[in-house]
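Structure first, then comments.
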Amino acid sequence: MSTDYLTPVLTGRTLLRANPVSKLFAAAVITLALMASIDWVSAAVVLTCELVLMPLLGISVLALARRIWPLLIAALIGAYGTALLAEKTGGVVLDVGPFLFTEGSVASGIAVGLRGLALALPGIFVLLTTDPTDLADALAQKLHLPHRFVLGGLASLRLAGLLVEQWETLGLARHARGVGSGGSFGARTRNLLGQSFGLIVQAIRRATRLATAMEARGFGGGTRTWARESSFSALDAVVAAVGLLIAAGAVTAAVLAGTWNFILS
Amino acid sequence: MASPTALRGVSRHTNQWRVVDIVVASVIAVAVGVLFFAWSAGYSGISLLTAGFPPLGGLYSGGWLIAGVLGGLIIRKPGAAIYCEVLAAAVSALIGTQFGLAVLLSGAIQGLGAELVFLLFLYRRWNLPVALLAGLGAGLALGISENILYNALWTIEFKLLYVLFAAISGVVIAGLLSWLATRGLARTGVLSSFAAGRTADV
Amino acid sequence: MTPLDGPLPRAVQVSARGWGWRHAWRRAFAARHLDLELTPGERVLLLGASGAGKSTVLHALAGVLGSNDEGEQEGDLLLDGVPPAAARGRAGLVLQDPESQVVLARVGDEVAFAAENLAVPRDEIWRRVHRALDDVGLDLPLDHPTTALSGGQKQRLALASVLAMEPGLLLLDEPTANLDPDGVLEVRDAVIRVLDRTRATLVVVEHRVAVWADVVDRVIVLDADGGVLADGAPGEVLVQEATSSRLEQAGVWVPGRRPAVGGAVPTSDGGEVLLAATGLDVARTKRGPVAVAGLDLAVRAGQAIGITGPNGAGKSTAALTLGGLLRPRAGSVRAAPALAGTAGDDPFRWRSPELVQRIGTVFQEPEHQFLTASVGEELAFGPARVGGAQAPGRIAELAERLRLTHLLKANPFTLSGGEKRRLSVATMLATTPRILVLDEPTFGQDALTWAELVTLLRELVHDGVAVLSVTHDAEFIDALGGATLHVSGGAGTLVHR
Ligand SMILES: Nc1ncnc2c1ncn2[C@@H]1O[C@H](COP(=O)(O)OP(=O)(O)OP(=O)(O)O)[C@@H](O)[C@H]1O
Ligand SMILES: Nc1ncnc2c1ncn2[C@@H]1O[C@H](COP(=O)(O)OP(=O)(O)OP(=O)(O)O)[C@@H](O)[C@H]1O
Ligand SMILES: [Mg+2]
Ligand SMILES: [Mg+2]
């Protein structure tokens, strides 16, 4: 848990220039296409496209791996869970006591694992190439989401980074007052809970004061102008089109391959 | 000493969101979202523990639901549960969880589960039973939607077990814990600008 | 250079008639029976004892006191004839804590925020941003991150972001608290420069009268029991014998008069050594830069040590390290057997209950240390932890002397700025450790509590407690005597008197 998780690593030059709304749109259609079906073909197509586009992020393989290894593990676990619990069809692959895996269930597991990974990556694309302030500008100006909520959300996002810092100060302050550090396992757990609660208290305190400060600067009225304009360019059409293409390609491939498996059917 | 004159335009209960409602709701969501992150990092670990029987993971899922119930209990405005849950989901997507953008959809569905319970009581009751029910609503929403979106290939009995575990977890973790947290927060005085902070017996 | 012309805001006229406000769940009114008329363009210094209701009045003028279910209002308060909430954008308020009012991530956006909210056209917004930054003398790129600013810069930024509203009424709540002496004058001069250009009405709250006395037209003193204690030109109110002695009794700092402090200035150079720092390098974070290097210091029983220096010099970091809370980057902090007793000689390794009996640290930000739900519990918490039997009498005495008795049932988070500071100092005094480390113990205090605090600390020093205080308050250091550690430019020099 560190502050850097919330500040985007602005590396991908091209995508950085695109409007956050178009990036969100592309990510959303891809996500929807993936969500609609659980099959290995559509997932593999999307995953391949995502990997091909990876250089756009301008992030080294090593740095990326450091960031997304939890996703890999999660995908593996999802695959395993489904392989264990899905309909047991086809020949037996492994049978150890209650753990029975068949060809059919393993195939299901692989589909779920690929799909999980393909689902997670668009989020990473958007995250690494978007500044939160630009995102808020775009959401309010282009999508016309209520500006009070967009800016309230943005302001509290900034507080999140400060909270991580606050966590340490809070630990020191509690230590100075005689609570904290050391003791039995029970005492330490109680102290951790106490400190977490203290952090939420501090967060709400700050939020209340921030709200006063925002109101004192005229926030919360009806209309509002924007110092920085959020605009679309040709690049945004390309981004949106690529997103649509990937989604359509995945669905088509799965239908043609006969693996398409709609989740509501 | 002059006695206080009557208040102009006394507004007992309004459903309008004030600025402080928005900012505090957002901060609660963000704080819980960061917790989500720790939670979902832990989720990989727990998944290993529950490897023998994956539906047990449902027992752990209540942590995802705290934002909605807690936000609803503190802010007491229509939409608070959905807003907090979606924003918390957005933050965890932003930090980078295994579920990507799809968490926004999950967040909306789970928030809706809690929101419907608050709506059922017309945003007037905020006691323990309502909190537990909201946790239950969120837990059911989570169990059912996860079954459709992610566990679709599981056989039906495992899906039912998953929903059961998610519901229990929703009631205990999201419902009870949020209610306790709200009470504790009210006692500290930080909720003094909210009805939730003033009706507590402090 | 940006043009400094353009339309000027119309100065606001303020009138209060029998105005009062009671916070919900407080029995007493925070401010009451207020009758005032401020003419447009007037510059007013608002004084009063800590807890008299000054911040409450400023919040009311800015229209951010909250709705009817947050408190009860009586009488009228009008800006140009309308209630403040209806005059959005006319009044600009700078809250006391500049840290907590930053909304956005970049300096330019932050200053533009208020103008955006008032629906100012885009070109005009940027004109205002440049002008506001010029006015306060903040020479930074527009995309400079708002987190990377010194104390003085933050204070200027807060001022600039309110100025971009072009308010007709400028409200400042202790704008120079926690600034070093140079910073105080810089910020004050920036305010005056802006007012000379815009002619807006000013209401500034500050305990240290001397800074503002020469540049305001009028001084208004709030009575803690409601109403106004004194009102007039600074020359009349502060200088005339009759009023100024009345003000002194109410806790107002009257320039040229030092409040009466009990006890004598401690003169001894201290007794046995309790704690010794050798070749100490201090840093706030594990990998961050070293704030102060090569400190050598012996802390003796019954000795007062003041730590001063400019903002950001590393005073708080040094104090926390000496207090056993931060790990020294290099060098050592060692407790002598007289202090350590049964514990080891490295304070950083002490467990919390061991630490709190030996060294009590009061943080710069009082709210970080509050643990309980009421002032009374908060005071009783430490002694109960230490297991001292001396508790009830001492706590009652502390509460009485630091004027917290009427607040024993209140939530710590709902106190006024000065009350919070007193409470956090009192909680540490209640545990009677051998060494006290106090970070800015006197900020936001009126003259009476200041004097009481100094008296209390003198008594402690007399009884053999070592008192280390980080402060910008020269009078405080003077009154406590002892040695002074000047911290600046990454080094500390010890001066004995
Ligand atoms: N949010 C709140 N809820 C309840 N009581 C409050 C709240 N804020 C302030 N008070 C109380 O109202 C009274 C006036 O507080 P206010 O902050 O206006 O004092 P002040 O004159 O600014 O004092 P200081 O110089 O210490 O800042 C105090 O007794 C304080 O405890
Ligand atoms: N929580 C923190 N995390 C990281 N760096 C910090 C933190 N607090 C302070 N610093 C940095 O450490 C340095 C020393 O800060 P410190 O707070 O000790 O200064 P100070 O002398 O107490 O200043 P002031 O008079 O403004 O209180 C500064 O450069 C500051 O920016
Ligand atoms: Mg105040
Ligand atoms: Mg400091």
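Each chain in the structure tokens gets a letter, A, B, ..., in the order shown, and its residues are numbered from 1; ligands are numbered from 1 in order too.
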
| message | Can you tell me which residues surround Ala466 (chain C) at a distance of at most 10 Å, considering only C-alpha atoms, apart from same-chain residues fewer than 5 positions away, and format the answer as number ranges by chain? | response | C: 270-271, 273-275, 299-305, 359, 433-437, 457, 460-461

Just to be explicit: take each residue in the selection above, keep C-alpha atoms, and write the result as a CSV table (one decimal), in the first residue's frame.
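For reference, part-v2.csv as written:
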chain,number,residue,atom,x,y,z
C,270,GLY,CA,19.7,21.4,35.0
C,271,GLY,CA,20.7,18.5,37.1
C,273,VAL,CA,21.7,14.1,32.4
C,274,LEU,CA,18.5,12.1,31.4
C,275,LEU,CA,19.0,11.8,27.7
C,299,VAL,CA,18.9,16.9,28.2
C,300,ARG,CA,19.1,17.4,31.9
C,301,ALA,CA,16.5,17.1,34.7
C,302,GLY,CA,14.9,20.4,35.5
C,303,GLN,CA,16.1,22.0,32.2
C,304,ALA,CA,14.1,23.9,29.6
C,305,ILE,CA,15.3,23.7,26.0
C,359,ILE,CA,9.0,10.8,27.7
C,433,PRO,CA,6.8,11.9,32.5
C,434,ARG,CA,10.4,12.9,33.2
C,435,ILE,CA,10.9,14.5,29.8
C,436,LEU,CA,8.2,16.5,28.0
C,437,VAL,CA,8.5,17.2,24.3
C,457,LEU,CA,5.7,24.4,32.8
C,460,LEU,CA,7.4,21.2,36.2
C,461,VAL,CA,10.9,22.4,35.4

| request: Please extract the residues at most 6 Å from ligand 1, counting only C-alpha atoms and all ligand atoms, and provide them as a count of residues only, using the chain letters and residue numbers of this document. | output: 17

| task | Compile the contact shell of Gly249 (chain A) as a list of chain:residue names: residues with an atom at most 8 Å away, counting only C-alpha atoms, same-chain residues fewer than 4 positions apart removed. | result |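 Once the adjacent positions are removed, what remains is A:Val45, A:Leu245, A:Ala253.
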
| request: Produce as a PyMOL selection string the set of residues near ligand 4, where near means within 12 Å with only C-alpha atoms and all ligand atoms considered. | output: chain C and resi 150-151+177-180+284+291+307-320+362-365+438-441+443+469-472+487

Using only C-alpha atoms, I'd like a table of the residues in chain C that come within 6 Å of chain A; for each, show the closest atom pair and its distance in Å rounded to one decimal, ordered by chain and ascending number, as CSV.
residue,atom,partner,partner_atom,distance
C:Gly89,CA,A:Gly218,CA,5.5
C:Leu93,CA,A:Ala216,CA,5.8
C:Ser100,CA,A:Leu210,CA,5.9
C:Gln101,CA,A:Leu210,CA,5.3
C:Val103,CA,A:Ala155,CA,5.4
C:Ala114,CA,A:Arg217,CA,4.9
C:Glu116,CA,A:Thr225,CA,4.8
C:Asn117,CA,A:Arg224,CA,4.9
C:Ala119,CA,A:Arg224,CA,4.3
C:Arg122,CA,A:Ala227,CA,5.3
C:Ser352,CA,A:Gly178,CA,4.3
C:Pro353,CA,A:Gly178,CA,4.7
C:Val356,CA,A:Gly178,CA,5.2
C:Thr361,CA,A:Ala176,CA,6.0
C:His368,CA,A:Leu170,CA,5.9
C:Gln369,CA,A:Ala173,CA,5.4

Selected residues written out with C-alpha atoms, as a short mmCIF file (atom, residue, chain, number, x, y, z; two decimals), in the first residue's frame:
data_model
loop_
_atom_site.label_atom_id
_atom_site.label_comp_id
_atom_site.auth_asym_id
_atom_site.auth_seq_id
_atom_site.Cartn_x
_atom_site.Cartn_y
_atom_site.Cartn_z
CA GLY C 89 -18.81 34.24 -3.84
CA LEU C 93 -12.63 32.49 3.81
CA SER C 100 -6.69 20.80 4.95
CA GLN C 101 -8.04 23.17 2.33
CA VAL C 103 -8.61 20.50 -3.17
CA ALA C 114 -13.03 29.04 -6.88
CA GLU C 116 -14.70 27.90 -11.87
CA ASN C 117 -17.30 27.44 -9.15
CA ALA C 119 -18.92 30.29 -13.41
CA ARG C 122 -12.32 30.49 -19.07
CA SER C 352 4.48 2.26 24.33
CA PRO C 353 3.67 1.98 28.07
CA VAL C 356 4.73 7.24 27.94
CA THR C 361 5.48 13.97 23.26
CA HIS C 368 -3.58 13.04 15.71
CA GLN C 369 -3.39 12.16 19.37
#

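Checking B:Pro129, B:Gly113, B:Ile74, B:Ala152 one by one against chain A, counting only C-alpha atoms, you find the shortest gap at B:Ala152.
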
| request: From a DSSP calculation on the backbone, collect every residue of region 16-155 of chain A in strand (DSSP E) and output the set as number ranges by chain. | output: A: 92-96, 99-102

| task | Can you work out the spacing between CA of Gly376 (chain C) and CA of Leu193 (chain A) in Å, to one decimal? | result |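 Between these atoms lies a distance of 23.3 Å.
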
| query | What's the 7 Å shell around region 223-234 of chain C, counting only C-alpha atoms, without same-chain residues fewer than 6 positions away, as a PyMOL selection string? | reply | chain C and resi 31-34+48-49+52+213+217

| message | Using only C-alpha atoms, can you tell me which of A:Leu127, A:Leu57, A:Ala18, A:Ala138 comes closest to chain B? | response |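 Among the listed residues, the smallest separation from chain B belongs to A:Leu127.
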
| field | Proximal residues of chain C relative to chain B (only C-alpha atoms; 6 Å) as a list in words | value | Glu70, Glu74, Ala373, Asn411 and Phe413 of chain C

Output for the residues just chosen: N, CA and C atoms as a PDB file, in the first residue's frame:
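Result file follows (selection-v4.pdb):
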ATOM      1  N   GLU C  70     -27.641  21.590  12.039  1.00  0.00           N
ATOM      2  CA  GLU C  70     -26.308  21.548  12.619  1.00  0.00           C
ATOM      3  C   GLU C  70     -26.168  22.520  13.771  1.00  0.00           C
ATOM      4  N   GLU C  74     -29.794  32.651  16.054  1.00  0.00           N
ATOM      5  CA  GLU C  74     -30.742  33.690  16.468  1.00  0.00           C
ATOM      6  C   GLU C  74     -30.284  35.013  15.880  1.00  0.00           C
ATOM      7  N   ALA C 373     -13.662   9.621  23.388  1.00  0.00           N
ATOM      8  CA  ALA C 373     -14.837  10.333  22.911  1.00  0.00           C
ATOM      9  C   ALA C 373     -15.151  11.595  23.696  1.00  0.00           C
ATOM     10  N   ASN C 411     -16.910  16.348  22.816  1.00  0.00           N
ATOM     11  CA  ASN C 411     -16.060  15.520  21.956  1.00  0.00           C
ATOM     12  C   ASN C 411     -14.797  16.302  21.619  1.00  0.00           C
ATOM     13  N   PHE C 413     -13.009  16.337  19.052  1.00  0.00           N
ATOM     14  CA  PHE C 413     -12.966  16.853  17.670  1.00  0.00           C
ATOM     15  C   PHE C 413     -13.835  18.079  17.453  1.00  0.00           C
TER      16      PHE C 413
END

| message | Considering only C-alpha atoms, can you say which of B:Ala108, B:Ala134, B:Val86, B:Leu65 comes closest to Leu120 (chain B)? | response |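 Ranked by minimum distance to Leu120 (chain B), first place goes to B:Ala134.
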
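Between chain A and the candidates B:Ala25, B:Ala196, B:Ala141, B:Leu128, the tightest atom-to-atom separation, counting only C-alpha atoms, involves B:Ala25.
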
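Nearest residue to Pro392 (chain C) among C:Leu118, C:Ser424, C:Thr431, C:Leu36 is C:Thr431, counting only C-alpha atoms.
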
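Checking B:Ser61, B:Ser26, B:Ser92, B:Asn127 one by one against chain A, counting only C-alpha atoms, you find the shortest gap at B:Ser26.
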
| task | Select all residues from chain A having any atom no more than 8 Å from an atom of chain B (counting only C-alpha atoms, ignoring ligands), output as JSON, numbers by chain. | result | {"A": [1, 5, 6, 27, 28, 31, 35, 38, 70, 71, 73, 74, 75, 77, 81, 82, 85, 86, 87, 99, 108, 112, 116, 117, 119, 120, 121, 122, 123, 124, 127, 148, 149, 152, 153, 155, 156, 157, 159, 160, 197, 200, 201, 203, 204, 205, 207, 208, 210, 211, 212, 215, 219, 220, 263, 264]}

| query | Within 10 Å of Arg403 (chain C), counting only C-alpha atoms, which residues qualify if same-chain residues fewer than 3 places away don't, as number ranges by chain? | reply | C: 50-51, 397-400, 406-407, 419, 422-423, 448-449, 452

| request: Select from region 49-244 of chain A everything DSSP, run on the backbone, classes as helix (DSSP H, G or I), then give the selection as a ChimeraX atom specification. | output: /A:49-57,61-85,103-128,132-141,147-176,185-216,234-244

Take the residues that were just selected and, keeping C-alpha atoms, output them as a short mmCIF file (atom, residue, chain, number, x, y, z; two decimals), in the first residue's frame.
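The new file result-v2.cif reads:
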data_model
loop_
_atom_site.label_atom_id
_atom_site.label_comp_id
_atom_site.auth_asym_id
_atom_site.auth_seq_id
_atom_site.Cartn_x
_atom_site.Cartn_y
_atom_site.Cartn_z
CA CYS A 49 -4.62 -8.00 -28.99
CA GLU A 50 -3.86 -6.56 -25.56
CA LEU A 51 -0.39 -8.03 -25.56
CA VAL A 52 0.25 -6.72 -29.07
CA LEU A 53 -0.80 -3.23 -27.97
CA MET A 54 1.33 -3.40 -24.83
CA PRO A 55 4.25 -1.40 -26.32
CA LEU A 56 1.88 1.60 -26.48
CA LEU A 57 2.16 1.83 -22.72
CA VAL A 61 8.18 -5.73 -19.30
CA LEU A 62 9.82 -5.98 -15.92
CA ALA A 63 7.99 -2.98 -14.48
CA LEU A 64 4.73 -4.29 -15.87
CA ALA A 65 5.32 -7.74 -14.44
CA ARG A 66 5.95 -6.22 -11.02
CA ARG A 67 2.61 -4.49 -11.26
CA ILE A 68 0.45 -7.25 -12.57
CA TRP A 69 1.77 -10.42 -10.95
CA PRO A 70 -1.18 -10.50 -8.54
CA LEU A 71 -3.45 -10.59 -11.60
CA LEU A 72 -1.64 -13.64 -12.91
CA ILE A 73 -2.05 -15.46 -9.62
CA ALA A 74 -5.71 -14.49 -9.41
CA ALA A 75 -6.29 -15.81 -12.93
CA LEU A 76 -4.64 -19.10 -12.03
CA ILE A 77 -6.78 -19.45 -8.92
CA GLY A 78 -9.95 -18.66 -10.85
CA ALA A 79 -9.01 -21.29 -13.42
CA TYR A 80 -8.34 -23.84 -10.71
CA GLY A 81 -11.63 -23.15 -8.88
CA THR A 82 -13.68 -23.64 -12.01
CA ALA A 83 -11.79 -26.75 -13.05
CA LEU A 84 -12.65 -28.18 -9.65
CA LEU A 85 -16.31 -27.19 -9.54
CA GLU A 103 -10.94 -32.86 -19.62
CA GLY A 104 -14.18 -30.86 -19.73
CA SER A 105 -13.68 -29.17 -16.38
CA VAL A 106 -10.05 -28.33 -17.13
CA ALA A 107 -11.07 -26.73 -20.43
CA SER A 108 -13.63 -24.64 -18.54
CA GLY A 109 -10.95 -23.66 -16.08
CA ILE A 110 -8.60 -22.54 -18.84
CA ALA A 111 -11.35 -20.43 -20.39
CA VAL A 112 -12.04 -18.73 -17.03
CA GLY A 113 -8.36 -18.09 -16.40
CA LEU A 114 -7.76 -16.51 -19.84
CA ARG A 115 -10.91 -14.45 -19.51
CA GLY A 116 -9.88 -13.19 -16.08
CA LEU A 117 -6.55 -11.98 -17.39
CA ALA A 118 -8.07 -10.38 -20.48
CA LEU A 119 -10.61 -8.59 -18.26
CA ALA A 120 -8.00 -7.13 -15.95
CA LEU A 121 -5.68 -5.65 -18.59
CA PRO A 122 -7.90 -2.88 -20.04
CA GLY A 123 -8.07 -1.38 -16.55
CA ILE A 124 -4.29 -1.35 -16.41
CA PHE A 125 -4.15 0.36 -19.82
CA VAL A 126 -6.46 3.15 -18.69
CA LEU A 127 -4.80 3.48 -15.32
CA LEU A 128 -1.27 3.83 -16.62
CA PRO A 132 -7.11 11.67 -12.41
CA THR A 133 -7.73 15.39 -12.93
CA ASP A 134 -8.07 14.92 -16.69
CA LEU A 135 -10.41 12.02 -16.04
CA ALA A 136 -12.61 14.17 -13.82
CA ASP A 137 -12.62 16.98 -16.41
CA ALA A 138 -13.66 14.53 -19.09
CA LEU A 139 -16.34 12.80 -17.03
CA ALA A 140 -17.97 16.10 -16.14
CA GLN A 141 -17.57 17.91 -19.46
CA HIS A 147 -19.92 17.88 -11.36
CA ARG A 148 -20.39 17.99 -7.60
CA PHE A 149 -19.93 14.25 -7.39
CA VAL A 150 -17.10 14.10 -9.89
CA LEU A 151 -15.10 16.78 -8.09
CA GLY A 152 -15.98 15.41 -4.67
CA GLY A 153 -14.65 12.06 -5.81
CA LEU A 154 -11.52 13.64 -7.26
CA ALA A 155 -10.78 15.58 -4.08
CA SER A 156 -11.17 12.49 -1.95
CA LEU A 157 -8.88 10.54 -4.26
CA ARG A 158 -6.18 13.05 -3.42
CA LEU A 159 -6.84 12.49 0.26
CA ALA A 160 -6.23 8.77 -0.19
CA GLY A 161 -2.56 9.40 -0.90
CA LEU A 162 -2.33 11.60 2.17
CA LEU A 163 -4.00 8.93 4.26
CA VAL A 164 -1.19 6.51 3.61
CA GLU A 165 1.20 9.10 5.05
CA GLN A 166 -1.21 9.80 7.88
CA TRP A 167 -1.15 6.11 8.81
CA GLU A 168 2.45 6.39 9.94
CA THR A 169 2.00 9.64 11.84
CA LEU A 170 -1.00 8.13 13.56
CA GLY A 171 1.05 5.13 14.62
CA LEU A 172 3.68 7.44 16.15
CA ALA A 173 1.07 9.58 17.87
CA ARG A 174 -0.58 6.54 19.43
CA HIS A 175 2.77 5.13 20.51
CA ALA A 176 3.50 8.46 22.21
CA PHE A 185 -0.81 -11.25 19.35
CA GLY A 186 -4.22 -10.23 20.71
CA ALA A 187 -2.95 -6.87 21.88
CA ARG A 188 -1.31 -6.23 18.55
CA THR A 189 -4.47 -7.09 16.63
CA ARG A 190 -6.51 -4.83 18.86
CA ASN A 191 -4.02 -2.04 18.29
CA LEU A 192 -4.14 -2.53 14.53
CA LEU A 193 -7.92 -2.36 14.58
CA GLY A 194 -7.74 0.74 16.78
CA GLN A 195 -5.32 2.41 14.39
CA SER A 196 -7.46 1.55 11.34
CA PHE A 197 -10.44 3.04 13.08
CA GLY A 198 -8.34 6.08 13.95
CA LEU A 199 -7.44 6.44 10.29
CA ILE A 200 -11.09 6.46 9.24
CA VAL A 201 -11.78 9.05 11.93
CA GLN A 202 -8.98 11.22 10.55
CA ALA A 203 -10.23 10.71 7.01
CA ILE A 204 -13.72 11.87 7.90
CA ARG A 205 -12.32 14.82 9.84
CA ARG A 206 -10.29 15.92 6.86
CA ALA A 207 -13.21 15.40 4.55
CA THR A 208 -15.47 17.56 6.69
CA ARG A 209 -12.93 20.36 6.79
CA LEU A 210 -12.27 20.01 3.07
CA ALA A 211 -16.00 20.30 2.40
CA THR A 212 -16.10 23.53 4.38
CA ALA A 213 -13.11 24.85 2.47
CA MET A 214 -14.72 23.92 -0.85
CA GLU A 215 -17.99 25.59 0.07
CA ALA A 216 -16.11 28.65 1.24
CA ALA A 234 -8.91 12.21 -34.32
CA LEU A 235 -6.86 10.05 -31.99
CA ASP A 236 -9.98 9.45 -29.89
CA ALA A 237 -11.87 8.11 -32.90
CA VAL A 238 -9.00 5.69 -33.50
CA VAL A 239 -8.95 4.57 -29.87
CA ALA A 240 -12.69 3.96 -29.85
CA ALA A 241 -12.55 2.15 -33.19
CA VAL A 242 -9.74 -0.13 -32.04
CA GLY A 243 -11.75 -0.99 -28.95
CA LEU A 244 -14.82 -1.81 -31.03
#

| said: With only C-alpha atoms as the counted atoms, please give the residues lying no more than 8 Å from Ala80 (chain B), apart from itself and same-chain residues fewer than 2 positions off, as a list of chain:residue names. | reply: B:Ala25, B:Gly68, B:Gly71, B:Gly72, B:Ile75, B:Arg76, B:Lys77, B:Pro78, B:Ile82, B:Tyr83, B:Cys84, B:Glu115

| field | Coordinates-based distance that separates CA of Asn19 (chain A) from CA of Leu32 (chain A) (Å, one decimal) | value |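 Computed distance, CA of Leu32 (chain A) to CA of Asn19 (chain A), equals 20.3 Å.
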